[in-house]
Amino acid sequence: MKCVLLILGFLALSVFGADEEDKVVVLTKDNFDKTIEENQFVLVEFYAPWCGHCKQLEPEYKKASIQLAKDGSDVVLGKVDATQESELAEKFEVRGYPTIKFFRGGKPSDYSAGRQAADIVNWLKKKTGPPAAAIKSVAEGTKFIDGNDVVVIGFFKDEDSTAAKAFKNVASGNDDVPFGITSDDSVFKEHSVDRDSIILFKKFDEGKNTFDGDFTVEKIEAFVGENQLPLVVEFTQESAQKIFGGKVKNHILLFVNKDDDFDKHLEQFKAPAKDFKGKVLFIYINTKDEDNARILEFFGLKSEDVPALRLITLTEDMTKYVPEDKSITTENVKTFVQLFLDGSLKPHLLSEDVPEDWDKNPVKVLVGKNFHEVAKDKSKAVLIEFYAPWCGHCKQLVPIWDELGEKFKGNKDIVIAKMDATANELADVKVQSFPTIKYFPAGSDDVIDYNGARTVEGFSKFLESGGKEGAGAAEEEEEDEGEEEGEEEEGEDDGEEVPRDEL
C-alpha cells in the first residue's frame, strides 16, 4: 500500500531575504547546500506550480512557519520549485508532488505527518526537541491545551519513573498529537489529579479521557489511539494521514451527501460508534465533494446509491464488506459491525458483467466473472494489465498495450488481456497499485509479476522468455511511487489520487 518547509531563524531570514510575512525560504541550486550546511534542522518542500496538492499545502505551510517563529524554533522551512530545479529534484529522488524532506545535520529523511499547520509544527517539535513538552505551571498547561485540538499530558511526580519513561516512549513515536509532561503540584491540583495519571484533552466528543490501566507502552499507545480522533471522522485530505496511520485498521464508511438529510444520517451512524471504540473506526465521506468521486467509483457506487455503508479492513490486503440491509439506521449499523467482528460476513468482490465483445479485439477484456476461465486456462500463457481508468500511467500504456495485443493476436498460445481493477476484484489476485501487470504461465498455477520496461520490446522479451526476463526489480518502480502514495505527477489531475490499498 505505499505522499513543508520554513525558515525560522533570524539569521537565515536576513541572509536569504525572506520578509516578515512569508518566512518560507525559496531554495535553488545556488543557496540549497549553504542552507542545509548552516542549519541543524531544515524542512524542504519540493513542489510544482501546477500541483493542486501543493496549492492546498501552501497556506498551511506558511502558517506553520509563523507559528514556529513565534515559538522561537530554529527550524528552517524552505521550498524548491522542482520543475525549475531539476538537478535538486533528481538528487533527492523527487517522483511526485509535493515531496517533503527533513534534513537533520545535513542528512535527509521523509516527512511523515499531516499537511495542516498544526501537524507540521507538532512533527517538527517532536523531531527537534524532547518528545513531551515540560509543563511547569498552570498557565503553561492551559496554553498547551488551548493551543491544540488534541493533547496528551502525563502527570508524574517522578519524571524518571518507569511509568514516566513508558509515557515518553509513546510520545516519541507519535507524530500526530502533542505530548506534555508535568510534575508540578499546581498543575496536578488544577486538573484534580492526585496520583500519577495520563489525560487526553480534546475539543470534541467527551472533552477529555483519563487513562485507566497499567503504565505500559502498549496500553498507553492503545489509549491514545482510541481517543485521539472523534467518534466519527470526516474523510478529507487533512484527516487521511491520521485515519490510515492509526492503530485501528477496521473502518466502517458512511457515504453521504451533506445536502441530503445529512444530520439525520449522521446521527444514526454515530449512535453505536462508542460501543466499538478501539475496534472499528467510524468514517463518513461527503459525496457532494467532487474530490471524493474516485472513492465512490472504487467501491462500485454511484451518486444515486448514496447514502450507503461499506466496511473495510486495512491489513496486508484490503477487504470490503457490504451490509444486507442498506438502510442507515442505528440498529442496522450496529448489526453490520457486530457481524463483521464475529466473523460472520463474507468479503464483497466487485465484478462487471462480461461484455458481449470481450474477445473481439487483440486485447481481451476481463472482468471478475470471466477472469478465471481465461487467466487460469493452463493451455495458454496470459499477460494481464490491471488498470484504473483515471491512472495517468495506465493511459500512457494504452497504445503500447494495444500494439502488444496486435503483435500476438495470431499466437494461439499467448493471450494479452486487461482488467479495470477499480470495477472488478479477485479473492486470489491482489492489486496494490496501477498499473499492475501479471503473467499466468501455461501449464502452471504460478503468478509472475512483470517489473520490466513498459515497452512492446520489453513485454515481448518477457513473454518469449516464459516470464523470466523482466520479472526482476522495476525500472520505473520509484517513478510510480508518487502515484501509489497519492502524490501528483506532471500531467495528472489535481484531485487526490486514491491508493489502491487504502480507499
# chains A, B, ... in the order shown; residues from 1 in each chain; ligands from 1
$ closest_atom_pairs --of "range 380-432 of chain A" --to "range 449-460 of chain A" --cutoff "9 Å" --atoms "only C-alpha atoms" --output "tab-separated table"
residue	atom	partner	partner_atom	distance
A:Leu383	CA	A:Tyr450	CA	9.0
A:Leu397	CA	A:Arg454	CA	7.4
A:Ile400	CA	A:Val456	CA	6.1
A:Trp401	CA	A:Val456	CA	7.5
A:Glu403	CA	A:Val456	CA	7.1
A:Leu404	CA	A:Val456	CA	5.7
A:Lys407	CA	A:Val456	CA	8.8
A:Phe408	CA	A:Ser460	CA	9.0
$ closest_residue --among "A:Lys395, A:Lys70, A:Lys320, A:His251" --to "Val232 in chain A" --atoms "only C-alpha atoms"
A:His251
$ closest_residue --among "A:Asp353, A:Gly467, A:Asn250, A:Phe41" --to "Tyr321 in chain A" --atoms "only C-alpha atoms"
A:Asn250
$ select_by_dssp --residues "range 323-375 of chain A" --states "strand (DSSP E or B)" --output "ChimeraX atom specification"
/A:363-366
$ write_last_selection --atoms "N, CA, C and O atoms" --output "compact mmCIF listing (two decimals), in the first residue's frame"
# COMPACT_ATOMS: atom_id res chain seq x y z
N VAL A 363 -6.62 -7.32 -27.68
CA VAL A 363 -6.51 -7.25 -26.22
C VAL A 363 -7.86 -7.67 -25.64
O VAL A 363 -8.88 -6.99 -25.85
N LYS A 364 -7.89 -8.77 -24.91
CA LYS A 364 -9.13 -9.31 -24.37
C LYS A 364 -9.54 -8.54 -23.11
O LYS A 364 -8.69 -8.16 -22.30
N VAL A 365 -10.84 -8.33 -22.95
CA VAL A 365 -11.36 -7.59 -21.80
C VAL A 365 -11.85 -8.57 -20.74
O VAL A 365 -12.77 -9.36 -20.99
N LEU A 366 -11.23 -8.50 -19.57
CA LEU A 366 -11.61 -9.39 -18.49
C LEU A 366 -12.37 -8.64 -17.40
O LEU A 366 -12.12 -7.46 -17.15
$ residues_around --residues "range 190-198 of chain A" --least-positions-apart "3" --cutoff "12 Å" --atoms "only C-alpha atoms" --output "number ranges by chain"
A: 137-142, 145, 151-159, 161-164, 166-168, 170-171, 179-187, 201, 208-216, 219-221, 223-224
$ residues_around --residues "Thr313 in chain A" --least-positions-apart "3" --cutoff "6 Å" --atoms "only C-alpha atoms" --output "list in words"
Lys249, Asn250, Met318 and Thr319 of chain A
$ write_last_selection --atoms "N, CA and C atoms" --output "CSV table (one decimal), in the first residue's frame"
chain,number,residue,atom,x,y,z
A,249,LYS,N,-7.5,-0.7,12.3
A,249,LYS,CA,-7.5,-1.0,10.8
A,249,LYS,C,-8.8,-1.5,10.3
A,250,ASN,N,-9.8,-1.5,11.1
A,250,ASN,CA,-11.2,-1.8,10.7
A,250,ASN,C,-12.0,-0.5,10.6
A,318,MET,N,-6.6,-5.1,1.3
A,318,MET,CA,-7.9,-4.5,1.7
A,318,MET,C,-9.0,-5.5,1.4
A,319,THR,N,-9.9,-5.7,2.4
A,319,THR,CA,-11.1,-6.5,2.2
A,319,THR,C,-12.3,-5.6,2.4
$ select_by_dssp --residues "range 245-409 of chain A" --states "helix (DSSP H, G or I)" --output "ChimeraX atom specification"
/A:245,262-270,273-276,290-298,303-305,330-341,371-375,392-407
$ closest_residue --among "A:Val26, A:Ala133, A:Ala271, A:Ala118" --to "Ile66 in chain A" --atoms "only C-alpha atoms"
A:Ala118
$ closest_residue --among "A:Val256, A:Ile283, A:Val429, A:Val80" --to "Val306 in chain A" --atoms "only C-alpha atoms"
A:Val256
$ residues_around --residues "range 32-35 of chain A" --least-positions-apart "6" --cutoff "9 Å" --atoms "only C-alpha atoms" --output "list in words"
Ala12, Val26, Val42, Val76, Val80, Leu88 and Gly106 of chain A
$ closest_residue --among "A:Ala82, A:Ala64, A:Ala113, A:Ala132" --to "Cys51 in chain A" --atoms "only C-alpha atoms"
A:Ala82
$ residues_around --residues "Pro435 in chain A" --least-positions-apart "5" --cutoff "6 Å" --atoms "only C-alpha atoms" --output "PyMOL selection string"
chain A and resi 386-387+394
$ atom_distance --atom1 "CA of Lys127 in chain A" --atom2 "CA of Ser109 in chain A"
11.1 Å
$ closest_atom_pairs --of "range 265-339 of chain A" --to "range 424-427 of chain A" --cutoff "10 Å" --atoms "only C-alpha atoms" --output "JSON lines"
{"residue": "A:Phe298", "atom": "CA", "partner": "A:Asn424", "partner_atom": "CA", "distance": 9.4}
{"residue": "A:Phe299", "atom": "CA", "partner": "A:Asn424", "partner_atom": "CA", "distance": 9.8}
{"residue": "A:Gly300", "atom": "CA", "partner": "A:Asn424", "partner_atom": "CA", "distance": 8.7}
{"residue": "A:Thr319", "atom": "CA", "partner": "A:Ala427", "partner_atom": "CA", "distance": 9.0}
